[in-house]
file structure.cif (mmCIF, N, CA and C atoms)
data_start
loop_
_atom_site.label_atom_id
_atom_site.label_comp_id
_atom_site.auth_asym_id
_atom_site.auth_seq_id
_atom_site.Cartn_x
_atom_site.Cartn_y
_atom_site.Cartn_z
N MET A 1 -11.00 -13.76 71.86
CA MET A 1 -9.98 -14.78 71.90
C MET A 1 -9.52 -14.94 73.34
N SER A 2 -9.32 -16.18 73.74
CA SER A 2 -8.88 -16.45 75.12
C SER A 2 -7.41 -16.08 75.28
N ARG A 3 -6.98 -15.99 76.54
CA ARG A 3 -5.57 -15.70 76.83
C ARG A 3 -4.66 -16.76 76.23
N PHE A 4 -5.10 -18.01 76.33
CA PHE A 4 -4.32 -19.12 75.79
C PHE A 4 -4.20 -18.97 74.26
N GLY A 5 -5.33 -18.64 73.61
CA GLY A 5 -5.33 -18.47 72.16
C GLY A 5 -4.41 -17.33 71.72
N SER A 6 -4.37 -16.24 72.50
CA SER A 6 -3.49 -15.11 72.20
C SER A 6 -2.03 -15.52 72.28
N ARG A 7 -1.70 -16.29 73.32
CA ARG A 7 -0.31 -16.74 73.48
C ARG A 7 0.11 -17.65 72.33
N VAL A 8 -0.78 -18.54 71.94
CA VAL A 8 -0.49 -19.45 70.83
C VAL A 8 -0.27 -18.65 69.55
N ALA A 9 -1.08 -17.64 69.30
CA ALA A 9 -0.94 -16.82 68.10
C ALA A 9 0.39 -16.07 68.10
N VAL A 10 0.79 -15.53 69.25
CA VAL A 10 2.06 -14.81 69.36
C VAL A 10 3.23 -15.75 69.13
N ILE A 11 3.18 -16.93 69.72
CA ILE A 11 4.24 -17.92 69.55
C ILE A 11 4.32 -18.37 68.09
N ALA A 12 3.19 -18.60 67.48
CA ALA A 12 3.17 -19.03 66.07
C ALA A 12 3.77 -17.95 65.17
N ALA A 13 3.44 -16.69 65.45
CA ALA A 13 4.00 -15.59 64.65
C ALA A 13 5.51 -15.51 64.84
N ALA A 14 5.98 -15.69 66.06
CA ALA A 14 7.42 -15.64 66.32
C ALA A 14 8.15 -16.78 65.62
N VAL A 15 7.61 -17.98 65.68
CA VAL A 15 8.22 -19.13 65.01
C VAL A 15 8.25 -18.90 63.51
N SER A 16 7.17 -18.37 62.95
CA SER A 16 7.13 -18.09 61.52
C SER A 16 8.17 -17.07 61.11
N ALA A 17 8.34 -16.03 61.91
CA ALA A 17 9.35 -15.00 61.61
C ALA A 17 10.75 -15.57 61.67
N LEU A 18 11.03 -16.40 62.67
CA LEU A 18 12.35 -17.03 62.78
C LEU A 18 12.62 -17.96 61.61
N ALA A 19 11.63 -18.72 61.20
CA ALA A 19 11.80 -19.64 60.07
C ALA A 19 12.07 -18.86 58.78
N SER A 20 11.38 -17.75 58.59
CA SER A 20 11.60 -16.93 57.40
C SER A 20 13.00 -16.34 57.40
N ALA A 21 13.45 -15.85 58.54
CA ALA A 21 14.79 -15.27 58.64
C ALA A 21 15.85 -16.31 58.40
N ALA A 22 15.67 -17.52 58.88
CA ALA A 22 16.66 -18.59 58.70
C ALA A 22 16.76 -19.00 57.24
N ALA A 23 15.70 -18.82 56.46
CA ALA A 23 15.71 -19.22 55.06
C ALA A 23 16.46 -18.22 54.17
N LEU A 24 16.70 -17.01 54.66
CA LEU A 24 17.40 -16.01 53.87
C LEU A 24 18.88 -16.32 53.80
N PRO A 25 19.52 -16.06 52.64
CA PRO A 25 20.97 -16.24 52.57
C PRO A 25 21.67 -15.24 53.48
N ALA A 26 22.87 -15.59 53.95
CA ALA A 26 23.61 -14.74 54.88
C ALA A 26 23.87 -13.36 54.31
N THR A 27 24.02 -13.24 53.02
CA THR A 27 24.35 -11.95 52.42
C THR A 27 23.13 -11.04 52.28
N ALA A 28 21.92 -11.57 52.41
CA ALA A 28 20.74 -10.74 52.19
C ALA A 28 20.54 -9.71 53.29
N ALA A 29 20.89 -10.03 54.54
CA ALA A 29 20.61 -9.15 55.66
C ALA A 29 21.47 -7.89 55.64
N SER A 30 22.78 -8.03 55.56
CA SER A 30 23.64 -6.85 55.59
C SER A 30 24.96 -7.15 54.87
N PRO A 31 24.96 -7.12 53.55
CA PRO A 31 26.18 -7.44 52.82
C PRO A 31 27.28 -6.41 53.10
N VAL A 32 28.49 -6.91 53.29
CA VAL A 32 29.63 -6.03 53.52
C VAL A 32 30.46 -5.86 52.27
N ALA A 33 30.26 -6.76 51.30
CA ALA A 33 30.98 -6.69 50.03
C ALA A 33 30.12 -7.32 48.95
N ALA A 34 30.35 -6.91 47.72
CA ALA A 34 29.57 -7.44 46.60
C ALA A 34 30.42 -7.46 45.34
N PHE A 35 29.99 -8.27 44.39
CA PHE A 35 30.64 -8.28 43.09
C PHE A 35 30.11 -7.13 42.27
N GLY A 36 31.01 -6.52 41.52
CA GLY A 36 30.62 -5.52 40.53
C GLY A 36 30.72 -6.19 39.17
N ALA A 37 31.39 -5.53 38.25
CA ALA A 37 31.56 -6.07 36.91
C ALA A 37 32.48 -7.29 36.92
N ILE A 38 32.21 -8.20 36.00
CA ILE A 38 33.06 -9.37 35.80
C ILE A 38 33.35 -9.49 34.31
N GLN A 39 34.63 -9.52 33.97
CA GLN A 39 35.05 -9.73 32.58
C GLN A 39 35.58 -11.16 32.50
N TYR A 40 34.68 -12.11 32.25
CA TYR A 40 35.07 -13.52 32.25
C TYR A 40 35.58 -14.00 30.90
N ASP A 41 35.34 -13.24 29.84
CA ASP A 41 35.79 -13.61 28.50
C ASP A 41 36.80 -12.57 28.04
N SER A 42 38.07 -12.89 28.17
CA SER A 42 39.12 -11.96 27.78
C SER A 42 38.93 -11.56 26.32
N PRO A 43 38.92 -10.26 26.01
CA PRO A 43 38.72 -9.82 24.62
C PRO A 43 39.82 -10.36 23.70
N GLY A 44 39.48 -10.62 22.47
CA GLY A 44 40.45 -11.09 21.49
C GLY A 44 40.66 -12.59 21.59
N LYS A 45 41.75 -13.04 20.95
CA LYS A 45 42.08 -14.46 20.96
C LYS A 45 42.63 -14.86 22.33
N ASP A 46 42.23 -16.03 22.77
CA ASP A 46 42.74 -16.57 24.03
C ASP A 46 44.09 -17.22 23.77
N MET A 47 45.17 -16.45 23.98
CA MET A 47 46.51 -16.94 23.67
C MET A 47 47.34 -17.20 24.93
N ARG A 48 46.73 -17.06 26.09
CA ARG A 48 47.39 -17.26 27.38
C ARG A 48 48.56 -16.32 27.64
N SER A 49 48.60 -15.21 26.92
CA SER A 49 49.62 -14.21 27.25
C SER A 49 49.22 -13.55 28.56
N ASN A 50 50.16 -12.99 29.27
CA ASN A 50 49.85 -12.35 30.55
C ASN A 50 48.86 -11.21 30.36
N SER A 51 49.00 -10.44 29.28
CA SER A 51 48.06 -9.33 29.06
C SER A 51 46.66 -9.86 28.77
N SER A 52 46.55 -10.99 28.07
CA SER A 52 45.24 -11.59 27.82
C SER A 52 44.65 -12.15 29.12
N LEU A 53 45.48 -12.80 29.93
CA LEU A 53 45.01 -13.32 31.21
C LEU A 53 44.53 -12.17 32.11
N ASN A 54 45.23 -11.05 32.08
CA ASN A 54 44.85 -9.91 32.93
C ASN A 54 43.64 -9.16 32.41
N ALA A 55 43.23 -9.45 31.18
CA ALA A 55 42.01 -8.85 30.64
C ALA A 55 40.78 -9.64 31.11
N GLU A 56 41.01 -10.69 31.86
CA GLU A 56 39.95 -11.45 32.53
C GLU A 56 40.01 -11.04 33.99
N TRP A 57 38.90 -10.53 34.56
CA TRP A 57 38.94 -10.00 35.91
C TRP A 57 37.56 -9.99 36.57
N VAL A 58 37.59 -9.80 37.88
CA VAL A 58 36.39 -9.69 38.70
C VAL A 58 36.58 -8.48 39.61
N THR A 59 35.53 -7.69 39.82
CA THR A 59 35.64 -6.59 40.78
C THR A 59 34.84 -6.91 42.04
N VAL A 60 35.42 -6.51 43.17
CA VAL A 60 34.78 -6.67 44.48
C VAL A 60 34.73 -5.29 45.11
N THR A 61 33.56 -4.92 45.62
CA THR A 61 33.34 -3.60 46.21
C THR A 61 32.88 -3.74 47.65
N THR A 62 33.45 -2.91 48.54
CA THR A 62 32.97 -2.91 49.93
C THR A 62 31.66 -2.14 50.01
N ARG A 63 30.84 -2.55 50.94
CA ARG A 63 29.56 -1.87 51.17
C ARG A 63 29.49 -1.39 52.62
N THR A 64 30.63 -0.98 53.13
CA THR A 64 30.69 -0.52 54.51
C THR A 64 31.14 0.93 54.54
N ASN A 65 30.96 1.58 55.68
CA ASN A 65 31.40 2.97 55.82
C ASN A 65 32.77 3.07 56.47
N LYS A 66 33.47 1.94 56.56
CA LYS A 66 34.85 1.93 57.04
C LYS A 66 35.61 0.86 56.26
N ALA A 67 36.92 0.89 56.36
CA ALA A 67 37.76 -0.08 55.64
C ALA A 67 37.39 -1.51 56.05
N LEU A 68 37.50 -2.41 55.09
CA LEU A 68 37.18 -3.82 55.33
C LEU A 68 38.45 -4.63 55.16
N ASP A 69 38.80 -5.38 56.18
CA ASP A 69 40.00 -6.22 56.15
C ASP A 69 39.68 -7.51 55.40
N LEU A 70 40.21 -7.64 54.18
CA LEU A 70 39.95 -8.82 53.36
C LEU A 70 41.02 -9.90 53.54
N ASN A 71 41.96 -9.71 54.45
CA ASN A 71 43.00 -10.72 54.68
C ASN A 71 42.36 -12.06 55.03
N GLY A 72 42.72 -13.09 54.27
CA GLY A 72 42.16 -14.42 54.48
C GLY A 72 40.88 -14.68 53.74
N TRP A 73 40.27 -13.66 53.12
CA TRP A 73 39.08 -13.88 52.31
C TRP A 73 39.50 -14.58 51.03
N THR A 74 38.57 -15.29 50.40
CA THR A 74 38.88 -15.98 49.16
C THR A 74 37.85 -15.68 48.07
N LEU A 75 38.34 -15.78 46.84
CA LEU A 75 37.52 -15.68 45.64
C LEU A 75 37.72 -16.99 44.91
N SER A 76 36.65 -17.65 44.51
CA SER A 76 36.78 -18.92 43.81
C SER A 76 35.77 -19.03 42.69
N ASP A 77 36.08 -19.97 41.77
CA ASP A 77 35.15 -20.27 40.68
C ASP A 77 34.48 -21.61 40.96
N ALA A 78 33.63 -22.06 40.03
CA ALA A 78 32.90 -23.31 40.21
C ALA A 78 33.83 -24.52 40.26
N GLU A 79 35.01 -24.42 39.65
CA GLU A 79 35.96 -25.54 39.64
C GLU A 79 36.93 -25.48 40.82
N ARG A 80 36.67 -24.58 41.73
CA ARG A 80 37.43 -24.41 42.98
C ARG A 80 38.86 -23.90 42.79
N HIS A 81 39.08 -23.09 41.75
CA HIS A 81 40.32 -22.32 41.69
C HIS A 81 40.16 -21.23 42.75
N VAL A 82 41.16 -21.01 43.57
CA VAL A 82 41.00 -20.11 44.71
C VAL A 82 42.08 -19.02 44.71
N TYR A 83 41.63 -17.78 44.88
CA TYR A 83 42.51 -16.65 45.11
C TYR A 83 42.32 -16.21 46.56
N ARG A 84 43.40 -15.97 47.29
CA ARG A 84 43.33 -15.51 48.69
C ARG A 84 43.75 -14.05 48.76
N PHE A 85 42.89 -13.23 49.34
CA PHE A 85 43.16 -11.79 49.47
C PHE A 85 44.18 -11.51 50.57
N HIS A 86 44.97 -10.46 50.35
CA HIS A 86 45.94 -9.96 51.34
C HIS A 86 45.90 -8.43 51.30
N LEU A 87 44.76 -7.84 51.67
CA LEU A 87 44.65 -6.39 51.64
C LEU A 87 43.49 -5.90 52.49
N LYS A 88 43.54 -4.62 52.81
CA LYS A 88 42.42 -3.90 53.39
C LYS A 88 41.84 -3.05 52.28
N LEU A 89 40.53 -3.05 52.16
CA LEU A 89 39.86 -2.29 51.12
C LEU A 89 39.08 -1.16 51.78
N GLY A 90 39.32 0.05 51.35
CA GLY A 90 38.69 1.23 51.94
C GLY A 90 37.17 1.22 51.79
N ALA A 91 36.53 2.02 52.58
CA ALA A 91 35.07 2.14 52.56
C ALA A 91 34.58 2.51 51.17
N GLY A 92 33.64 1.72 50.65
CA GLY A 92 33.05 1.99 49.34
C GLY A 92 34.02 1.83 48.18
N ARG A 93 35.15 1.22 48.39
CA ARG A 93 36.18 1.08 47.35
C ARG A 93 36.01 -0.24 46.60
N THR A 94 36.61 -0.29 45.43
CA THR A 94 36.55 -1.47 44.58
C THR A 94 37.95 -1.95 44.27
N VAL A 95 38.13 -3.26 44.24
CA VAL A 95 39.40 -3.85 43.82
C VAL A 95 39.10 -4.77 42.64
N LYS A 96 39.97 -4.74 41.64
CA LYS A 96 39.85 -5.59 40.46
C LYS A 96 40.85 -6.73 40.62
N VAL A 97 40.35 -7.96 40.56
CA VAL A 97 41.19 -9.15 40.68
C VAL A 97 41.44 -9.68 39.27
N HIS A 98 42.68 -9.50 38.78
CA HIS A 98 43.07 -9.97 37.45
C HIS A 98 43.55 -11.41 37.54
N THR A 99 43.33 -12.18 36.49
CA THR A 99 43.71 -13.59 36.49
C THR A 99 45.22 -13.79 36.41
N GLY A 100 45.92 -13.00 35.61
CA GLY A 100 47.35 -13.20 35.39
C GLY A 100 48.23 -12.64 36.49
N SER A 101 49.46 -12.28 36.11
CA SER A 101 50.44 -11.77 37.06
C SER A 101 50.61 -10.27 36.90
N GLY A 102 51.03 -9.62 37.97
CA GLY A 102 51.27 -8.19 37.96
C GLY A 102 51.65 -7.73 39.35
N ARG A 103 51.75 -6.43 39.50
CA ARG A 103 52.10 -5.85 40.80
C ARG A 103 50.84 -5.35 41.49
N ASP A 104 50.56 -5.90 42.67
CA ASP A 104 49.36 -5.51 43.41
C ASP A 104 49.39 -4.04 43.79
N SER A 105 48.21 -3.43 43.77
CA SER A 105 48.05 -2.04 44.22
C SER A 105 46.75 -1.99 45.03
N ALA A 106 46.37 -0.80 45.44
CA ALA A 106 45.13 -0.64 46.22
C ALA A 106 43.89 -0.94 45.37
N SER A 107 43.99 -0.80 44.05
CA SER A 107 42.82 -0.99 43.19
C SER A 107 42.90 -2.21 42.28
N ASP A 108 44.07 -2.82 42.15
CA ASP A 108 44.26 -3.98 41.28
C ASP A 108 45.13 -5.02 41.97
N VAL A 109 44.66 -6.27 41.99
CA VAL A 109 45.46 -7.37 42.52
C VAL A 109 45.50 -8.47 41.46
N TYR A 110 46.47 -9.36 41.59
CA TYR A 110 46.73 -10.35 40.55
C TYR A 110 46.75 -11.75 41.11
N TRP A 111 45.98 -12.64 40.48
CA TRP A 111 45.82 -14.03 40.89
C TRP A 111 47.13 -14.80 40.70
N GLY A 112 47.84 -14.48 39.61
CA GLY A 112 49.09 -15.17 39.33
C GLY A 112 48.91 -16.47 38.57
N SER A 113 47.75 -16.66 37.96
CA SER A 113 47.48 -17.88 37.23
C SER A 113 48.12 -17.85 35.84
N LYS A 114 48.54 -19.00 35.36
CA LYS A 114 49.10 -19.14 34.01
C LYS A 114 48.03 -19.60 33.03
N ALA A 115 46.82 -19.82 33.52
CA ALA A 115 45.70 -20.25 32.69
C ALA A 115 44.46 -19.42 33.05
N TYR A 116 43.51 -19.37 32.11
CA TYR A 116 42.27 -18.65 32.38
C TYR A 116 41.52 -19.34 33.52
N VAL A 117 40.89 -18.55 34.37
CA VAL A 117 40.14 -19.09 35.51
C VAL A 117 38.66 -19.18 35.18
N TRP A 118 38.10 -18.14 34.61
CA TRP A 118 36.65 -18.05 34.44
C TRP A 118 36.22 -18.66 33.11
N ASN A 119 35.23 -19.54 33.18
CA ASN A 119 34.69 -20.16 31.98
C ASN A 119 33.81 -19.16 31.25
N ASN A 120 33.91 -19.14 29.92
CA ASN A 120 33.15 -18.19 29.12
C ASN A 120 31.67 -18.55 29.02
N ASP A 121 31.34 -19.83 29.02
CA ASP A 121 29.95 -20.25 28.82
C ASP A 121 29.12 -20.23 30.10
N ARG A 122 29.73 -20.60 31.23
CA ARG A 122 29.03 -20.55 32.52
C ARG A 122 30.04 -20.75 33.64
N ASP A 123 29.79 -20.08 34.73
CA ASP A 123 30.66 -20.21 35.89
C ASP A 123 29.99 -19.51 37.06
N MET A 124 30.60 -19.58 38.23
CA MET A 124 30.11 -18.87 39.39
C MET A 124 31.29 -18.35 40.19
N ALA A 125 31.26 -17.06 40.48
CA ALA A 125 32.26 -16.44 41.35
C ALA A 125 31.70 -16.44 42.77
N THR A 126 32.52 -16.88 43.72
CA THR A 126 32.08 -16.92 45.12
C THR A 126 33.11 -16.21 45.99
N LEU A 127 32.65 -15.29 46.80
CA LEU A 127 33.49 -14.56 47.74
C LEU A 127 33.18 -15.08 49.14
N ARG A 128 34.23 -15.52 49.85
CA ARG A 128 34.06 -16.03 51.21
C ARG A 128 34.91 -15.21 52.17
N ASP A 129 34.40 -15.03 53.38
CA ASP A 129 35.17 -14.31 54.40
C ASP A 129 36.23 -15.24 54.99
N ALA A 130 37.01 -14.74 55.93
CA ALA A 130 38.12 -15.50 56.51
C ALA A 130 37.64 -16.74 57.26
N ARG A 131 36.38 -16.79 57.63
CA ARG A 131 35.83 -17.97 58.31
C ARG A 131 35.22 -18.96 57.33
N GLY A 132 35.26 -18.65 56.04
CA GLY A 132 34.72 -19.54 55.02
C GLY A 132 33.25 -19.34 54.72
N ARG A 133 32.62 -18.32 55.29
CA ARG A 133 31.22 -18.04 55.03
C ARG A 133 31.04 -17.31 53.71
N VAL A 134 30.06 -17.68 52.92
CA VAL A 134 29.81 -17.02 51.64
C VAL A 134 29.28 -15.62 51.90
N VAL A 135 29.97 -14.65 51.33
CA VAL A 135 29.59 -13.24 51.45
C VAL A 135 28.80 -12.81 50.21
N ALA A 136 29.24 -13.30 49.04
CA ALA A 136 28.58 -12.95 47.78
C ALA A 136 28.87 -14.04 46.76
N SER A 137 27.95 -14.17 45.81
CA SER A 137 28.19 -15.06 44.69
C SER A 137 27.50 -14.48 43.47
N LYS A 138 28.05 -14.78 42.31
CA LYS A 138 27.50 -14.28 41.05
C LYS A 138 27.78 -15.32 39.98
N SER A 139 26.75 -15.69 39.23
CA SER A 139 26.92 -16.69 38.19
C SER A 139 26.50 -16.13 36.84
N TRP A 140 26.92 -16.82 35.79
CA TRP A 140 26.53 -16.43 34.44
C TRP A 140 26.39 -17.67 33.57
N ARG A 141 25.64 -17.52 32.51
CA ARG A 141 25.42 -18.58 31.50
C ARG A 141 25.55 -17.97 30.15
#
call {"tool": "encode", "arguments": {"input": "structure.cif", "output": "C-alpha cells"}}
result
Amino acid sequence: MSRFGSRVAVIAAAVSALASAAALPATAASPVAAFGAIQYDSPGKDMRSNSSLNAEWVTVTTRTNKALDLNGWTLSDAERHVYRFHLKLGAGRTVKVHTGSGRDSASDVYWGSKAYVWNNDRDMATLRDARGRVVASKSWR
C-alpha cells in the first residue's frame, strides 16, 4: 500500500470511529445516575389520597464514587410534569421520588402533586441534569 493509501485508510478509520461515538446516547459513555425501580401503578384503588399518591414513586441512584449534586436536575414524565431536585445524593446512594406530599429526607423526596403523575399503561421517566441534558430515561408499556 502506498503512503497516500495508508493515510487515507487511517483518516477513514478515524472518521468512522468519530461517527460511531457521536451516534451513542450521552448516557452510554459514563452514566452518573440511573433509574432503579419504578412503581408507576399505586397499589389498590386510585383514590388520590396522599398515601396512595406516595405509593407511586421512582428511584434514582448515583453511579459515582463521590456525592452527586442534583440541585437543578429534573425528573419528568411524557406529559412534561416536572419535579426539580434540591439535594446532594451520596456516592452509590438511592433516592425515592414520591408523587404526593411529605417531608424530604436523604432517601425520600416528595413531588407534592395532588394527582398521579405516572401513567399505568405507558409512560417515560426522564432525568435531566442542571443544563437540561438527558442523563437517563426509562419507559414502560
call {"tool": "resolve_selection", "arguments": {"input": "structure.cif", "expression": "the PyMOL selection byres (((chain A and resi 129 and name CA) around 8) and name CA)", "output": "number ranges by chain"}}
result
A: 70, 72-74, 127-128, 130-135
call {"tool": "resolve_selection", "arguments": {"input": "structure.cif", "expression": "the PyMOL selection byres ((chain A and resi 62) around 6)", "output": "MDAnalysis selection string"}}
result
chainID A and resid 32:34 60:61 63:64 91:94
call {"tool": "residues_around", "arguments": {"input": "structure.cif", "residues": "Pro43 in chain A", "least_positions_apart": "2", "cutoff": "8 Å", "atoms": "all atoms listed in the file", "output": "list of chain:residue names"}}
result
A:Gln39, A:Tyr40, A:Asp41, A:Lys45, A:Asp46, A:Ser52, A:Ala55, A:Glu56
call {"tool": "residues_around", "arguments": {"input": "structure.cif", "residues": "Asn119 in chain A", "least_positions_apart": "5", "cutoff": "12 Å", "atoms": "only C-alpha atoms", "output": "ChimeraX atom specification"}}
result
/A:38-42,46,56-57,77-79,81,124-125,139-141
call {"tool": "closest_residue", "arguments": {"input": "structure.cif", "among": "A:Ser76, A:Thr59, A:Asn120, A:Thr126", "to": "Ala37 in chain A", "atoms": "all atoms listed in the file"}}
result
A:Thr59
call {"tool": "closest_residue", "arguments": {"input": "structure.cif", "among": "A:Ala136, A:Leu53, A:Arg48, A:Ala106", "to": "Leu89 in chain A", "atoms": "all atoms listed in the file"}}
result
A:Ala106
call {"tool": "atom_distance", "arguments": {"input": "structure.cif", "atom1": "atom C of Ser113 in chain A", "atom2": "CA of Ser101 in chain A"}}
result
6.6 Å
call {"tool": "atom_distance", "arguments": {"input": "structure.cif", "atom1": "CA of Lys138 in chain A", "atom2": "atom N of Lys114 in chain A"}}
result
22.3 Å
call {"tool": "atom_distance", "arguments": {"input": "structure.cif", "atom1": "atom C of Ser51 in chain A", "atom2": "atom N of Thr99 in chain A"}}
result
8.7 Å
call {"tool": "build_atoms", "arguments": {"input": "structure.cif", "residues": "range 89-105 of chain A", "atoms": "N, CA, C and O atoms", "output": "compact mmCIF listing (two decimals), in the coordinates of the input"}}
result
# COMPACT_ATOMS: atom_id res chain seq x y z
N LEU A 89 40.53 -3.05 52.16
CA LEU A 89 39.86 -2.29 51.12
C LEU A 89 39.08 -1.16 51.78
O LEU A 89 38.28 -1.41 52.68
N GLY A 90 39.32 0.05 51.35
CA GLY A 90 38.69 1.23 51.94
C GLY A 90 37.17 1.22 51.79
O GLY A 90 36.61 0.51 50.95
N ALA A 91 36.53 2.02 52.58
CA ALA A 91 35.07 2.14 52.56
C ALA A 91 34.58 2.51 51.17
O ALA A 91 35.07 3.45 50.56
N GLY A 92 33.64 1.72 50.65
CA GLY A 92 33.05 1.99 49.34
C GLY A 92 34.02 1.83 48.18
O GLY A 92 33.72 2.26 47.07
N ARG A 93 35.15 1.22 48.39
CA ARG A 93 36.18 1.08 47.35
C ARG A 93 36.01 -0.24 46.60
O ARG A 93 35.38 -1.18 47.09
N THR A 94 36.61 -0.29 45.43
CA THR A 94 36.55 -1.47 44.58
C THR A 94 37.95 -1.95 44.27
O THR A 94 38.85 -1.13 44.05
N VAL A 95 38.13 -3.26 44.24
CA VAL A 95 39.40 -3.85 43.82
C VAL A 95 39.10 -4.77 42.64
O VAL A 95 38.08 -5.47 42.61
N LYS A 96 39.97 -4.74 41.64
CA LYS A 96 39.85 -5.59 40.46
C LYS A 96 40.85 -6.73 40.62
O LYS A 96 42.04 -6.49 40.79
N VAL A 97 40.35 -7.96 40.56
CA VAL A 97 41.19 -9.15 40.68
C VAL A 97 41.44 -9.68 39.27
O VAL A 97 40.54 -10.23 38.64
N HIS A 98 42.68 -9.50 38.78
CA HIS A 98 43.07 -9.97 37.45
C HIS A 98 43.55 -11.41 37.54
O HIS A 98 44.17 -11.81 38.53
N THR A 99 43.33 -12.18 36.49
CA THR A 99 43.71 -13.59 36.49
C THR A 99 45.22 -13.79 36.41
O THR A 99 45.77 -14.66 37.08
N GLY A 100 45.92 -13.00 35.61
CA GLY A 100 47.35 -13.20 35.39
C GLY A 100 48.23 -12.64 36.49
O GLY A 100 47.81 -12.50 37.64
N SER A 101 49.46 -12.28 36.11
CA SER A 101 50.44 -11.77 37.06
C SER A 101 50.61 -10.27 36.90
O SER A 101 50.38 -9.72 35.83
N GLY A 102 51.03 -9.62 37.97
CA GLY A 102 51.27 -8.19 37.96
C GLY A 102 51.65 -7.73 39.35
O GLY A 102 51.83 -8.53 40.26
N ARG A 103 51.75 -6.43 39.50
CA ARG A 103 52.10 -5.85 40.80
C ARG A 103 50.84 -5.35 41.49
O ARG A 103 50.14 -4.48 40.95
N ASP A 104 50.56 -5.90 42.67
CA ASP A 104 49.36 -5.51 43.41
C ASP A 104 49.39 -4.04 43.79
O ASP A 104 50.44 -3.49 44.09
N SER A 105 48.21 -3.43 43.77
CA SER A 105 48.05 -2.04 44.22
C SER A 105 46.75 -1.99 45.03
O SER A 105 46.09 -3.01 45.23
